[in-house]
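Structure file final.pdb with PDB, C-alpha atoms, pLDDT in the B column:
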```
ATOM      1  CA  MET Z   1      96.247 101.206 -53.295  1.00 94.00           C
ATOM      2  CA  GLN Z   2      98.691 101.027 -56.200  1.00 96.00           C
ATOM      3  CA  VAL Z   3      99.754 104.332 -57.783  1.00 97.00           C
ATOM      4  CA  PHE Z   4     100.824 104.352 -61.442  1.00 98.00           C
ATOM      5  CA  LEU Z   5     102.532 106.996 -63.541  1.00 97.00           C
ATOM      6  CA  SER Z   6     101.107 106.981 -67.072  1.00 97.00           C
ATOM      7  CA  VAL Z   7     104.081 107.543 -69.368  1.00 96.00           C
ATOM      8  CA  ALA Z   8     104.942 107.474 -73.041  1.00 95.00           C
ATOM      9  CA  PRO Z   9     108.079 105.446 -73.857  1.00 94.00           C
ATOM     10  CA  ARG Z  10     110.159 108.611 -74.294  1.00 94.00           C
ATOM     11  CA  ASP Z  11     109.518 109.552 -70.642  1.00 95.00           C
ATOM     12  CA  ALA Z  12     109.878 106.127 -69.043  1.00 94.00           C
ATOM     13  CA  ARG Z  13     113.520 106.461 -67.949  1.00 93.00           C
ATOM     14  CA  ALA Z  14     112.887 109.838 -66.331  1.00 94.00           C
ATOM     15  CA  ALA Z  15     109.753 108.556 -64.586  1.00 95.00           C
ATOM     16  CA  LEU Z  16     111.561 105.508 -63.214  1.00 93.00           C
ATOM     17  CA  GLN Z  17     113.899 107.780 -61.260  1.00 93.00           C
ATOM     18  CA  PHE Z  18     110.908 108.569 -59.025  1.00 95.00           C
ATOM     19  CA  HIS Z  19     108.473 105.671 -59.250  1.00 95.00           C
ATOM     20  CA  ASN Z  20     108.624 102.103 -60.547  1.00 93.00           C
ATOM     21  CA  ARG Z  21     104.929 101.446 -61.284  1.00 96.00           C
ATOM     22  CA  LEU Z  22     104.205 102.634 -64.806  1.00 96.00           C
ATOM     23  CA  ALA Z  23     101.183 102.552 -67.085  1.00 97.00           C
ATOM     24  CA  HIS Z  24     102.794 102.303 -70.504  1.00 97.00           C
ATOM     25  CA  VAL Z  25     101.063 104.699 -72.904  1.00 96.00           C
ATOM     26  CA  ALA Z  26     102.456 102.884 -75.897  1.00 95.00           C
ATOM     27  CA  TYR Z  27      99.572 100.900 -77.367  1.00 97.00           C
ATOM     28  CA  ARG Z  28      96.722 101.584 -79.750  1.00 96.00           C
ATOM     29  CA  ILE Z  29      94.359  99.656 -82.003  1.00 96.00           C
ATOM     30  CA  GLY Z  30      95.108  99.680 -85.704  1.00 94.00           C
ATOM     31  CA  GLU Z  31      93.594  98.385 -88.918  1.00 94.00           C
ATOM     32  CA  GLU Z  32      92.155  94.865 -88.887  1.00 94.00           C
ATOM     33  CA  SER Z  33      91.935  95.034 -85.079  1.00 95.00           C
ATOM     34  CA  ARG Z  34      95.698  94.699 -84.631  1.00 96.00           C
ATOM     35  CA  LEU Z  35      97.559  95.773 -81.509  1.00 96.00           C
ATOM     36  CA  LEU Z  36     100.088  98.479 -82.395  1.00 95.00           C
ATOM     37  CA  ARG Z  37     102.941  99.372 -80.031  1.00 93.00           C
ATOM     38  CA  GLN Z  38     105.746 101.867 -79.757  1.00 90.00           C
ATOM     39  CA  ASN Z  39     109.273 100.867 -78.793  1.00 86.00           C
ATOM     40  CA  LEU Z  40     109.510 100.284 -75.035  1.00 82.00           C
ATOM     41  CA  LEU Z  41     112.236  99.864 -72.467  1.00 75.00           C
ATOM     42  CA  GLN Z  42     113.277  96.286 -71.730  1.00 76.00           C
ATOM     43  CA  SER Z  43     111.449  96.239 -68.412  1.00 78.00           C
ATOM     44  CA  ARG Z  44     108.681  94.149 -66.899  1.00 86.00           C
ATOM     45  CA  GLY Z  45     105.611  94.951 -64.859  1.00 93.00           C
ATOM     46  CA  GLY Z  46     103.123  97.774 -64.725  1.00 95.00           C
ATOM     47  CA  ILE Z  47      99.999  98.278 -66.807  1.00 97.00           C
ATOM     48  CA  LEU Z  48      99.307  98.235 -70.543  1.00 97.00           C
ATOM     49  CA  SER Z  49      97.606 101.525 -71.488  1.00 97.00           C
ATOM     50  CA  LEU Z  50      95.512 101.127 -74.652  1.00 97.00           C
ATOM     51  CA  SER Z  51      94.155 103.982 -76.788  1.00 96.00           C
ATOM     52  CA  ASP Z  52      91.340 103.857 -79.336  1.00 94.00           C
ATOM     53  CA  TYR Z  53      92.329 107.209 -80.881  1.00 91.00           C
ATOM     54  CA  ARG Z  54      91.341 107.144 -84.571  1.00 89.00           C
ATOM     55  CA  CYS Z  55      90.654 103.451 -84.193  1.00 92.00           C
ATOM     56  CA  PRO Z  56      88.508 101.883 -86.934  1.00 92.00           C
ATOM     57  CA  PRO Z  57      85.619  99.614 -85.888  1.00 94.00           C
ATOM     58  CA  ILE Z  58      86.889  96.609 -83.929  1.00 95.00           C
ATOM     59  CA  GLU Z  59      85.784  93.740 -86.132  1.00 95.00           C
ATOM     60  CA  LYS Z  60      88.044  91.002 -84.711  1.00 96.00           C
ATOM     61  CA  PRO Z  61      87.741  91.314 -80.919  1.00 96.00           C
ATOM     62  CA  GLU Z  62      88.904  87.759 -80.182  1.00 97.00           C
ATOM     63  CA  ALA Z  63      92.130  88.183 -82.150  1.00 97.00           C
ATOM     64  CA  LEU Z  64      92.806  91.543 -80.506  1.00 97.00           C
ATOM     65  CA  CYS Z  65      92.242  90.018 -77.062  1.00 98.00           C
ATOM     66  CA  ARG Z  66      94.755  87.293 -77.834  1.00 97.00           C
ATOM     67  CA  GLU Z  67      97.387  89.829 -78.855  1.00 97.00           C
ATOM     68  CA  ILE Z  68      96.834  91.839 -75.692  1.00 98.00           C
ATOM     69  CA  LEU Z  69      97.078  88.758 -73.452  1.00 97.00           C
ATOM     70  CA  GLN Z  70     100.291  87.739 -75.211  1.00 97.00           C
ATOM     71  CA  GLU Z  71     101.742  91.195 -74.588  1.00 96.00           C
ATOM     72  CA  CYS Z  72     100.695  91.081 -70.930  1.00 97.00           C
ATOM     73  CA  ASN Z  73     102.374  87.703 -70.515  1.00 96.00           C
ATOM     74  CA  LEU Z  74     105.523  88.823 -72.328  1.00 95.00           C
ATOM     75  CA  ARG Z  75     105.972  92.003 -70.283  1.00 95.00           C
ATOM     76  CA  GLY Z  76     104.466  90.953 -66.989  1.00 96.00           C
ATOM     77  CA  TYR Z  77     101.663  93.504 -67.083  1.00 97.00           C
ATOM     78  CA  GLY Z  78      99.170  93.262 -64.237  1.00 96.00           C
ATOM     79  CA  GLY Z  79      96.271  94.595 -66.287  1.00 97.00           C
ATOM     80  CA  VAL Z  80      95.041  96.929 -69.006  1.00 98.00           C
ATOM     81  CA  LEU Z  81      93.931 100.544 -68.835  1.00 98.00           C
ATOM     82  CA  ALA Z  82      91.622 101.145 -71.805  1.00 97.00           C
ATOM     83  CA  ASP Z  83      91.858 104.918 -72.263  1.00 94.00           C
ATOM     84  CA  PHE Z  84      88.919 105.069 -74.664  1.00 94.00           C
ATOM     85  CA  GLU Z  85      87.491 108.398 -75.782  1.00 89.00           C
ATOM     86  CA  GLY Z  86      83.945 109.600 -76.429  1.00 85.00           C
ATOM     87  CA  GLU Z  87      80.704 107.790 -75.799  1.00 87.00           C
ATOM     88  CA  ALA Z  88      80.605 104.019 -75.358  1.00 88.00           C
ATOM     89  CA  ARG Z  89      80.292 102.374 -78.791  1.00 91.00           C
ATOM     90  CA  GLN Z  90      78.958  98.906 -79.410  1.00 94.00           C
ATOM     91  CA  ASP Z  91      82.061  97.540 -81.140  1.00 95.00           C
ATOM     92  CA  ARG Z  92      84.215  98.785 -78.250  1.00 96.00           C
ATOM     93  CA  LEU Z  93      81.833  97.334 -75.674  1.00 96.00           C
ATOM     94  CA  ALA Z  94      81.792  93.912 -77.356  1.00 96.00           C
ATOM     95  CA  PHE Z  95      85.601  93.879 -77.407  1.00 97.00           C
ATOM     96  CA  LEU Z  96      85.946  95.122 -73.809  1.00 98.00           C
ATOM     97  CA  GLU Z  97      83.549  92.489 -72.477  1.00 97.00           C
ATOM     98  CA  LYS Z  98      85.695  89.758 -74.031  1.00 97.00           C
ATOM     99  CA  LEU Z  99      88.914  91.400 -72.846  1.00 98.00           C
ATOM    100  CA  CYS Z 100      87.623  91.783 -69.295  1.00 98.00           C
ATOM    101  CA  ALA Z 101      86.689  88.102 -69.113  1.00 97.00           C
ATOM    102  CA  ALA Z 102      90.066  87.037 -70.540  1.00 97.00           C
ATOM    103  CA  LEU Z 103      92.010  89.250 -68.140  1.00 97.00           C
ATOM    104  CA  ARG Z 104      90.059  88.043 -65.122  1.00 96.00           C
ATOM    105  CA  ARG Z 105      90.872  84.436 -66.011  1.00 95.00           C
ATOM    106  CA  SER Z 106      94.554  85.355 -65.635  1.00 93.00           C
ATOM    107  CA  SER Z 107      93.938  87.388 -62.425  1.00 96.00           C
ATOM    108  CA  ARG Z 108      94.397  90.728 -64.188  1.00 97.00           C
ATOM    109  CA  ARG Z 109      92.258  93.850 -64.130  1.00 97.00           C
ATOM    110  CA  LEU Z 110      90.637  95.884 -66.867  1.00 98.00           C
ATOM    111  CA  PHE Z 111      90.454  99.583 -65.972  1.00 98.00           C
ATOM    112  CA  LEU Z 112      87.809 101.559 -67.886  1.00 97.00           C
ATOM    113  CA  PRO Z 113      86.400 105.089 -67.976  1.00 95.00           C
ATOM    114  CA  GLU Z 114      83.239 105.238 -65.912  1.00 94.00           C
ATOM    115  CA  ARG Z 115      80.888 105.425 -68.914  1.00 93.00           C
ATOM    116  CA  TYR Z 116      82.314 102.127 -70.210  1.00 96.00           C
ATOM    117  CA  ALA Z 117      82.606 100.423 -66.816  1.00 96.00           C
ATOM    118  CA  LEU Z 118      78.866 100.900 -66.318  1.00 95.00           C
ATOM    119  CA  GLN Z 119      78.309  98.516 -69.229  1.00 95.00           C
ATOM    120  CA  VAL Z 120      81.161  96.014 -68.792  1.00 96.00           C
ATOM    121  CA  PRO Z 121      80.570  93.727 -65.779  1.00 94.00           C
ATOM    122  CA  GLY Z 122      83.697  93.038 -63.758  1.00 95.00           C
ATOM    123  CA  ALA Z 123      85.674  96.024 -65.015  1.00 97.00           C
ATOM    124  CA  THR Z 124      87.262  98.536 -62.644  1.00 98.00           C
ATOM    125  CA  ALA Z 125      85.843 102.048 -63.057  1.00 97.00           C
ATOM    126  CA  VAL Z 126      88.313 104.938 -63.341  1.00 97.00           C
ATOM    127  CA  ILE Z 127      86.936 108.130 -61.783  1.00 96.00           C
ATOM    128  CA  CYS Z 128      88.261 111.573 -62.679  1.00 93.00           C
ATOM    129  CA  THR Z 129      89.367 113.635 -59.676  1.00 91.00           C
ATOM    130  CA  ALA Z 130      89.027 117.089 -61.293  1.00 84.00           C
ATOM    131  CA  LEU Z 131      85.831 118.420 -59.699  1.00 81.00           C
ATOM    132  CA  SER Z 132      84.528 121.987 -59.657  1.00 73.00           C
ATOM    133  CA  GLY Z 133      81.389 121.276 -57.625  1.00 75.00           C
ATOM    134  CA  GLY Z 134      79.955 118.882 -55.059  1.00 82.00           C
ATOM    135  CA  THR Z 135      82.352 117.116 -52.712  1.00 92.00           C
ATOM    136  CA  PHE Z 136      85.278 114.892 -53.600  1.00 95.00           C
ATOM    137  CA  GLN Z 137      84.660 112.316 -50.887  1.00 95.00           C
ATOM    138  CA  GLN Z 138      80.970 112.005 -51.734  1.00 95.00           C
ATOM    139  CA  ARG Z 139      81.862 111.510 -55.396  1.00 95.00           C
ATOM    140  CA  LEU Z 140      84.103 108.596 -54.493  1.00 96.00           C
ATOM    141  CA  GLU Z 141      81.641 107.135 -51.996  1.00 96.00           C
ATOM    142  CA  GLU Z 142      78.932 107.105 -54.658  1.00 96.00           C
ATOM    143  CA  ALA Z 143      81.301 105.377 -57.101  1.00 96.00           C
ATOM    144  CA  VAL Z 144      82.141 102.711 -54.508  1.00 97.00           C
ATOM    145  CA  GLN Z 145      78.439 102.137 -53.862  1.00 96.00           C
ATOM    146  CA  ARG Z 146      77.822 101.759 -57.597  1.00 96.00           C
ATOM    147  CA  PHE Z 147      80.773  99.552 -58.592  1.00 96.00           C
ATOM    148  CA  GLY Z 148      81.821  97.915 -55.322  1.00 94.00           C
ATOM    149  CA  ARG Z 149      84.727  98.297 -52.924  1.00 91.00           C
ATOM    150  CA  GLY Z 150      87.975  97.499 -54.695  1.00 94.00           C
ATOM    151  CA  GLN Z 151      86.412  98.063 -58.133  1.00 97.00           C
ATOM    152  CA  VAL Z 152      87.146 101.785 -58.416  1.00 98.00           C
ATOM    153  CA  ALA Z 153      90.363 103.611 -59.362  1.00 98.00           C
ATOM    154  CA  LEU Z 154      91.325 107.275 -59.619  1.00 98.00           C
ATOM    155  CA  ASP Z 155      92.249 109.235 -62.728  1.00 97.00           C
ATOM    156  CA  VAL Z 156      94.202 111.962 -60.919  1.00 96.00           C
ATOM    157  CA  GLN Z 157      93.923 114.883 -63.306  1.00 94.00           C
ATOM    158  CA  ARG Z 158      95.869 117.916 -62.114  1.00 95.00           C
ATOM    159  CA  LEU Z 159      93.315 120.678 -61.786  1.00 93.00           C
ATOM    160  CA  ALA Z 160      93.997 124.294 -62.801  1.00 95.00           C
ATOM    161  CA  MET Z 161      90.864 126.262 -63.708  1.00 94.00           C
ATOM    162  CA  ASP Z 162      89.915 129.947 -63.738  1.00 95.00           C
ATOM    163  CA  PHE Z 163      86.207 130.704 -63.157  1.00 93.00           C
ATOM    164  CA  ARG Z 164      84.781 134.132 -63.894  1.00 88.00           C
ATOM    165  CA  LEU Z 165      82.071 134.682 -61.293  1.00 86.00           C
ATOM    166  CA  PRO Z 166      79.230 134.031 -61.271  1.00 84.00           C
ATOM    167  CA  ALA Z 167      79.752 130.673 -62.993  1.00 75.00           C
ATOM    168  CA  PRO Z 168      76.318 129.012 -63.039  1.00 71.00           C
ATOM    169  CA  SER Z 169      77.455 126.331 -65.508  1.00 70.00           C
ATOM    170  CA  GLY Z 170      80.229 125.203 -63.180  1.00 72.00           C
ATOM    171  CA  SER Z 171      82.776 125.418 -65.989  1.00 77.00           C
ATOM    172  CA  GLY Z 172      85.807 127.647 -66.235  1.00 87.00           C
ATOM    173  CA  THR Z 173      88.852 128.287 -68.394  1.00 91.00           C
ATOM    174  CA  PRO Z 174      91.637 125.686 -68.119  1.00 93.00           C
ATOM    175  CA  LEU Z 175      94.975 127.154 -67.083  1.00 94.00           C
ATOM    176  CA  ALA Z 176      98.315 125.829 -68.245  1.00 94.00           C
ATOM    177  CA  GLN Z 177     100.750 125.442 -65.364  1.00 93.00           C
ATOM    178  CA  ASP Z 178     102.927 128.327 -66.562  1.00 94.00           C
ATOM    179  CA  ALA Z 179      99.835 130.573 -66.686  1.00 95.00           C
ATOM    180  CA  LEU Z 180      98.868 129.522 -63.160  1.00 96.00           C
ATOM    181  CA  LEU Z 181     102.393 130.192 -61.878  1.00 95.00           C
ATOM    182  CA  ALA Z 182     102.401 133.585 -63.618  1.00 96.00           C
ATOM    183  CA  LEU Z 183      99.155 134.502 -61.833  1.00 95.00           C
ATOM    184  CA  LEU Z 184     100.507 133.372 -58.466  1.00 96.00           C
ATOM    185  CA  ASN Z 185     103.738 135.317 -58.971  1.00 96.00           C
ATOM    186  CA  GLU Z 186     101.930 138.428 -60.186  1.00 95.00           C
ATOM    187  CA  LEU Z 187      99.232 138.529 -57.513  1.00 94.00           C
ATOM    188  CA  SER Z 188     100.829 136.803 -54.505  1.00 94.00           C
ATOM    189  CA  PRO Z 189      97.259 136.006 -53.418  1.00 95.00           C
ATOM    190  CA  ALA Z 190      96.095 134.529 -50.151  1.00 96.00           C
ATOM    191  CA  THR Z 191      95.387 130.887 -50.988  1.00 96.00           C
ATOM    192  CA  PHE Z 192      92.980 128.549 -49.217  1.00 97.00           C
ATOM    193  CA  TYR Z 193      92.206 124.845 -49.098  1.00 97.00           C
ATOM    194  CA  SER Z 194      88.750 123.528 -50.001  1.00 95.00           C
ATOM    195  CA  ARG Z 195      88.070 120.372 -48.012  1.00 94.00           C
ATOM    196  CA  ASP Z 196      85.001 119.666 -50.169  1.00 94.00           C
ATOM    197  CA  LEU Z 197      86.875 119.818 -53.486  1.00 93.00           C
ATOM    198  CA  CYS Z 198      90.218 118.656 -52.103  1.00 95.00           C
ATOM    199  CA  ALA Z 199      91.941 121.497 -53.969  1.00 95.00           C
ATOM    200  CA  ARG Z 200      93.455 124.928 -53.343  1.00 96.00           C
ATOM    201  CA  TYR Z 201      91.887 128.174 -54.478  1.00 96.00           C
ATOM    202  CA  PHE Z 202      92.256 131.958 -54.535  1.00 97.00           C
ATOM    203  CA  THR Z 203      90.302 134.893 -55.918  1.00 95.00           C
ATOM    204  CA  TYR Z 204      91.293 138.037 -57.782  1.00 95.00           C
ATOM    205  CA  THR Z 205      89.640 140.918 -59.627  1.00 93.00           C
ATOM    206  CA  ARG Z 206      90.451 142.036 -63.154  1.00 89.00           C
ATOM    207  CA  ASP Z 207      88.527 144.413 -65.443  1.00 86.00           C
ATOM    208  CA  SER Z 208      85.807 144.724 -62.789  1.00 88.00           C
ATOM    209  CA  ALA Z 209      85.244 140.970 -62.831  1.00 91.00           C
ATOM    210  CA  THR Z 210      85.871 138.593 -59.946  1.00 94.00           C
ATOM    211  CA  HIS Z 211      87.757 135.381 -60.717  1.00 95.00           C
ATOM    212  CA  PHE Z 212      87.969 132.155 -58.704  1.00 94.00           C
ATOM    213  CA  VAL Z 213      90.989 129.952 -59.410  1.00 96.00           C
ATOM    214  CA  LEU Z 214      90.953 126.298 -58.361  1.00 95.00           C
ATOM    215  CA  TYR Z 215      94.123 124.239 -58.592  1.00 96.00           C
ATOM    216  CA  ASP Z 216      96.045 121.197 -57.404  1.00 96.00           C
ATOM    217  CA  ASP Z 217      99.505 120.978 -55.904  1.00 96.00           C
ATOM    218  CA  ALA Z 218     101.486 118.040 -54.532  1.00 97.00           C
ATOM    219  CA  GLU Z 219      99.662 118.065 -51.191  1.00 97.00           C
ATOM    220  CA  THR Z 220      96.139 118.111 -52.676  1.00 97.00           C
ATOM    221  CA  ILE Z 221      97.086 115.255 -55.008  1.00 97.00           C
ATOM    222  CA  ARG Z 222      98.435 113.277 -52.055  1.00 96.00           C
ATOM    223  CA  GLN Z 223      95.216 113.989 -50.157  1.00 97.00           C
ATOM    224  CA  LYS Z 224      93.085 112.744 -53.032  1.00 97.00           C
ATOM    225  CA  ILE Z 225      95.081 109.530 -53.128  1.00 97.00           C
ATOM    226  CA  ARG Z 226      94.813 109.160 -49.335  1.00 97.00           C
ATOM    227  CA  THR Z 227      91.044 109.617 -49.507  1.00 97.00           C
ATOM    228  CA  GLY Z 228      90.792 106.995 -52.231  1.00 97.00           C
ATOM    229  CA  HIS Z 229      92.898 104.595 -50.165  1.00 97.00           C
ATOM    230  CA  GLU Z 230      90.690 105.095 -47.105  1.00 97.00           C
ATOM    231  CA  LEU Z 231      87.603 104.295 -49.185  1.00 96.00           C
ATOM    232  CA  GLY Z 232      89.078 101.074 -50.535  1.00 96.00           C
ATOM    233  CA  LEU Z 233      89.973 102.191 -54.063  1.00 97.00           C
ATOM    234  CA  CYS Z 234      92.447  99.858 -55.725  1.00 97.00           C
ATOM    235  CA  ALA Z 235      94.600 102.158 -57.874  1.00 98.00           C
ATOM    236  CA  ALA Z 236      95.379 105.713 -58.943  1.00 98.00           C
ATOM    237  CA  PHE Z 237      96.773 106.915 -62.270  1.00 98.00           C
ATOM    238  CA  LEU Z 238      98.788 110.129 -62.662  1.00 98.00           C
ATOM    239  CA  MET Z 239      99.794 111.480 -66.061  1.00 97.00           C
ATOM    240  CA  TYR Z 240     103.555 112.024 -66.111  1.00 97.00           C
ATOM    241  CA  PRO Z 241     103.471 115.251 -68.196  1.00 96.00           C
ATOM    242  CA  GLU Z 242     100.977 116.802 -65.749  1.00 95.00           C
ATOM    243  CA  VAL Z 243     102.905 116.034 -62.563  1.00 96.00           C
ATOM    244  CA  LYS Z 244     106.572 115.752 -63.560  1.00 95.00           C
ATOM    245  CA  ASP Z 245     107.437 118.979 -61.698  1.00 95.00           C
ATOM    246  CA  LEU Z 246     105.775 117.555 -58.560  1.00 96.00           C
ATOM    247  CA  LEU Z 247     107.466 114.144 -58.597  1.00 96.00           C
ATOM    248  CA  PRO Z 248     110.160 114.986 -55.997  1.00 95.00           C
ATOM    249  CA  ALA Z 249     107.355 115.875 -53.556  1.00 95.00           C
ATOM    250  CA  LEU Z 250     105.049 113.018 -54.547  1.00 95.00           C
ATOM    251  CA  PHE Z 251     107.674 110.256 -54.464  1.00 93.00           C
ATOM    252  CA  PRO Z 252     110.568 111.585 -52.334  1.00 84.00           C
ATOM    253  CA  ARG Z 253     111.890 108.244 -51.095  1.00 66.00           C
ATOM    254  CA  ARG Z 254     112.297 106.873 -54.608  1.00 54.00           C
ATOM    255  CA  GLN Z 255     114.282 109.972 -55.579  1.00 51.00           C
ATOM    256  CA  ASN Z 256     116.533 109.724 -52.556  1.00 47.00           C
ATOM    257  CA  GLY Z 257     117.505 106.183 -53.187  1.00 46.00           C
TER     258      GLY Z 257
END
```

structure tokens encoding of this file:
Amino acid sequence: MQVFLSVAPRDARAALQFHNRLAHVAYRIGEESRLLRQNLLQSRGGILSLSDYRCPPIEKPEALCREILQECNLRGYGGVLADFEGEARQDRLAFLEKLCAALRRSSRRLFLPERYALQVPGATAVICTALSGGTFQQRLEEAVQRFGRGQVALDVQRLAMDFRLPAPSGSGTPLAQDALLALLNELSPATFYSRDLCARYFTYTRDSATHFVLYDDAETIRQKIRTGHELGLCAAFLMYPEVKDLLPALFPRRQNG
């Protein structure tokens, strides 16, 4: 399994101190279906990460595919992560089908959010790891059954969520890392590991209400990646801003030389 750090160009040098596989969050789709890019380091390899944020309808998919393939050839990218938002739209699907076919002809992968991968044959589905219910391993096993061994990757989202109990909807309040650390420092709670969710948790009471806090640390992230590897997943993506404080624990050998 290959592990990538998703980084904006401004963070690339700092990320490379710990890990040399990067997904370059530097590309988006502009007017007239043009590929827009930020300034990047003069390095080769990794993955091209493409956003459709505020993207107009893709009316020239063939031309856009050509630009992306040229960029992959120029920079030695091994594939494309299409970080597309919202529901699958027909213009995006038509473009992604062409891009997937073009990338496969050059032995490259197209990584897609699950909702898109369901409709683009041959794409690799990217599965979010931030679960608040069910079991993590079962979630991955079901994805492998649906898409095939080697055709699933992980979107390792660092979980930090506060649930006020009972929480029948299964949704809680997201916690910023400084808010989570403040709670841990204030309460010094007994913390536990959930094998089902592959995350740590603790409980506390405030204003007569019981709260359940679920969160990731370096070890739970490593365990999620290990589980994915054991099930034959091909890649994992970690967002640099989410895990930069954990990088010495996640990639110690790179740091030490």

Given the PyMOL selection byres ((chain Z and resi 193) around 12), the residues it picks as a CSV table (one decimal) with C-alpha atoms, in the coordinates of the input:
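As a result, part_12.csv now contains:
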```
chain,number,residue,atom,x,y,z
Z,190,ALA,CA,96.1,134.5,-50.2
Z,191,THR,CA,95.4,130.9,-51.0
Z,192,PHE,CA,93.0,128.5,-49.2
Z,194,SER,CA,88.8,123.5,-50.0
Z,195,ARG,CA,88.1,120.4,-48.0
Z,196,ASP,CA,85.0,119.7,-50.2
Z,197,LEU,CA,86.9,119.8,-53.5
Z,198,CYS,CA,90.2,118.7,-52.1
Z,199,ALA,CA,91.9,121.5,-54.0
Z,200,ARG,CA,93.5,124.9,-53.3
Z,201,TYR,CA,91.9,128.2,-54.5
Z,202,PHE,CA,92.3,132.0,-54.5
Z,213,VAL,CA,91.0,130.0,-59.4
Z,214,LEU,CA,91.0,126.3,-58.4
Z,215,TYR,CA,94.1,124.2,-58.6
Z,216,ASP,CA,96.0,121.2,-57.4
Z,217,ASP,CA,99.5,121.0,-55.9
Z,219,GLU,CA,99.7,118.1,-51.2
Z,220,THR,CA,96.1,118.1,-52.7
Z,223,GLN,CA,95.2,114.0,-50.2
```

Size and centre in Å, one decimal, axis-aligned box, all listed region 46-52 of chain Z atoms plus 6 Å per side, as AutoDock Vina command-line options:
```
--center_x 97.2 --center_y 100.9 --center_z -72.0 --size_x 23.8 --size_y 18.2 --size_z 26.6
```

### Query
For the file shown, what are the residues hit by the PyMOL selection byres ((chain Z and resi 225) around 12), laid out as a ChimeraX atom specification?
/Z:1-4,127-129,136-137,140,153-157,198,218-224,226-238,250

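Between CA of Leu48 (chain Z) and CA of Val7 (chain Z) lies a distance of 10.5 Å.
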
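Taking CA of Gly30 (chain Z) and CA of Ile68 (chain Z) as the two end points, the separation is 12.8 Å.
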
### Query
Which residues match the PyMOL selection byres ((chain Z and resi 170-181) around 12) in the file above, as a VMD selection string?
chain Z and resid 130 to 134 158 to 169 182 to 189 201 to 202 211 to 217 241 to 246

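Using only C-alpha atoms, the nearest neighbour of Leu40 (chain Z) within the list Z:Glu59, Z:Met239, Z:Asn20, Z:Arg75 is Z:Arg75.
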
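Candidate residues Z:Gln38, Z:Gln90, Z:Gln151, Z:Ser6 were compared for distance to Val126 (chain Z), and the nearest is Z:Gln151, using all atoms listed in the file.
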
#### Entry: Neighbour list for Asp83 (chain Z) as a list in words, cut-off 10 Å, all atoms listed in the file, skip fewer than 4 positions in-chain
Val25, Arg28, Ser49, Leu50, Ser51, Asp52, Tyr53, Phe111, Leu112, Pro113 and Val126 of chain Z

May I have the residues within 8 Å of Arg109 (chain Z) as a PDB file with C-alpha atoms, keeping the file's coordinate frame, using all atoms listed in the file and disregarding those fewer than 2 positions away in the same chain?
```pdb
ATOM      1  CA  GLY Z  78      99.170  93.262 -64.237  1.00 96.00           C
ATOM      2  CA  GLY Z  79      96.271  94.595 -66.287  1.00 97.00           C
ATOM      3  CA  VAL Z  80      95.041  96.929 -69.006  1.00 98.00           C
ATOM      4  CA  CYS Z 100      87.623  91.783 -69.295  1.00 98.00           C
ATOM      5  CA  LEU Z 103      92.010  89.250 -68.140  1.00 97.00           C
ATOM      6  CA  ARG Z 104      90.059  88.043 -65.122  1.00 96.00           C
ATOM      7  CA  SER Z 107      93.938  87.388 -62.425  1.00 96.00           C
ATOM      8  CA  PHE Z 111      90.454  99.583 -65.972  1.00 98.00           C
ATOM      9  CA  ALA Z 123      85.674  96.024 -65.015  1.00 97.00           C
ATOM     10  CA  THR Z 124      87.262  98.536 -62.644  1.00 98.00           C
TER      11      THR Z 124
END
```

What residues have an atom no more than 12 Å from (96.1, 96.3, -87.3) in the file's own frame, counting only C-alpha atoms, and can you write them as a compact mmCIF listing (two decimals) with C-alpha atoms, in the coordinates of the input?
```txt
# COMPACT_ATOMS: atom_id res chain seq x y z
CA TYR Z 27 99.57 100.90 -77.37
CA ARG Z 28 96.72 101.58 -79.75
CA ILE Z 29 94.36 99.66 -82.00
CA GLY Z 30 95.11 99.68 -85.70
CA GLU Z 31 93.59 98.38 -88.92
CA GLU Z 32 92.16 94.86 -88.89
CA SER Z 33 91.94 95.03 -85.08
CA ARG Z 34 95.70 94.70 -84.63
CA LEU Z 35 97.56 95.77 -81.51
CA LEU Z 36 100.09 98.48 -82.40
CA ARG Z 37 102.94 99.37 -80.03
CA ASP Z 52 91.34 103.86 -79.34
CA CYS Z 55 90.65 103.45 -84.19
CA PRO Z 56 88.51 101.88 -86.93
CA PRO Z 57 85.62 99.61 -85.89
CA ILE Z 58 86.89 96.61 -83.93
CA GLU Z 59 85.78 93.74 -86.13
CA LYS Z 60 88.04 91.00 -84.71
CA PRO Z 61 87.74 91.31 -80.92
CA ALA Z 63 92.13 88.18 -82.15
CA LEU Z 64 92.81 91.54 -80.51
CA GLU Z 67 97.39 89.83 -78.86
```

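Rounded to one decimal, CA of Leu247 (chain Z) and CA of Gly46 (chain Z) lie 18.0 Å from each other.
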
### Task
May I ask which of the residues Z:Leu81, Z:Thr205, Z:Glu62, Z:Glu71 is the closest one to Leu22 (chain Z), counting all atoms listed in the file?
Z:Leu81

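If all atoms listed in the file are the atoms counted, then among Z:Ala82, Z:Leu41, Z:Thr135, Z:Leu74 the closest residue to Ala15 (chain Z) is Z:Leu41.
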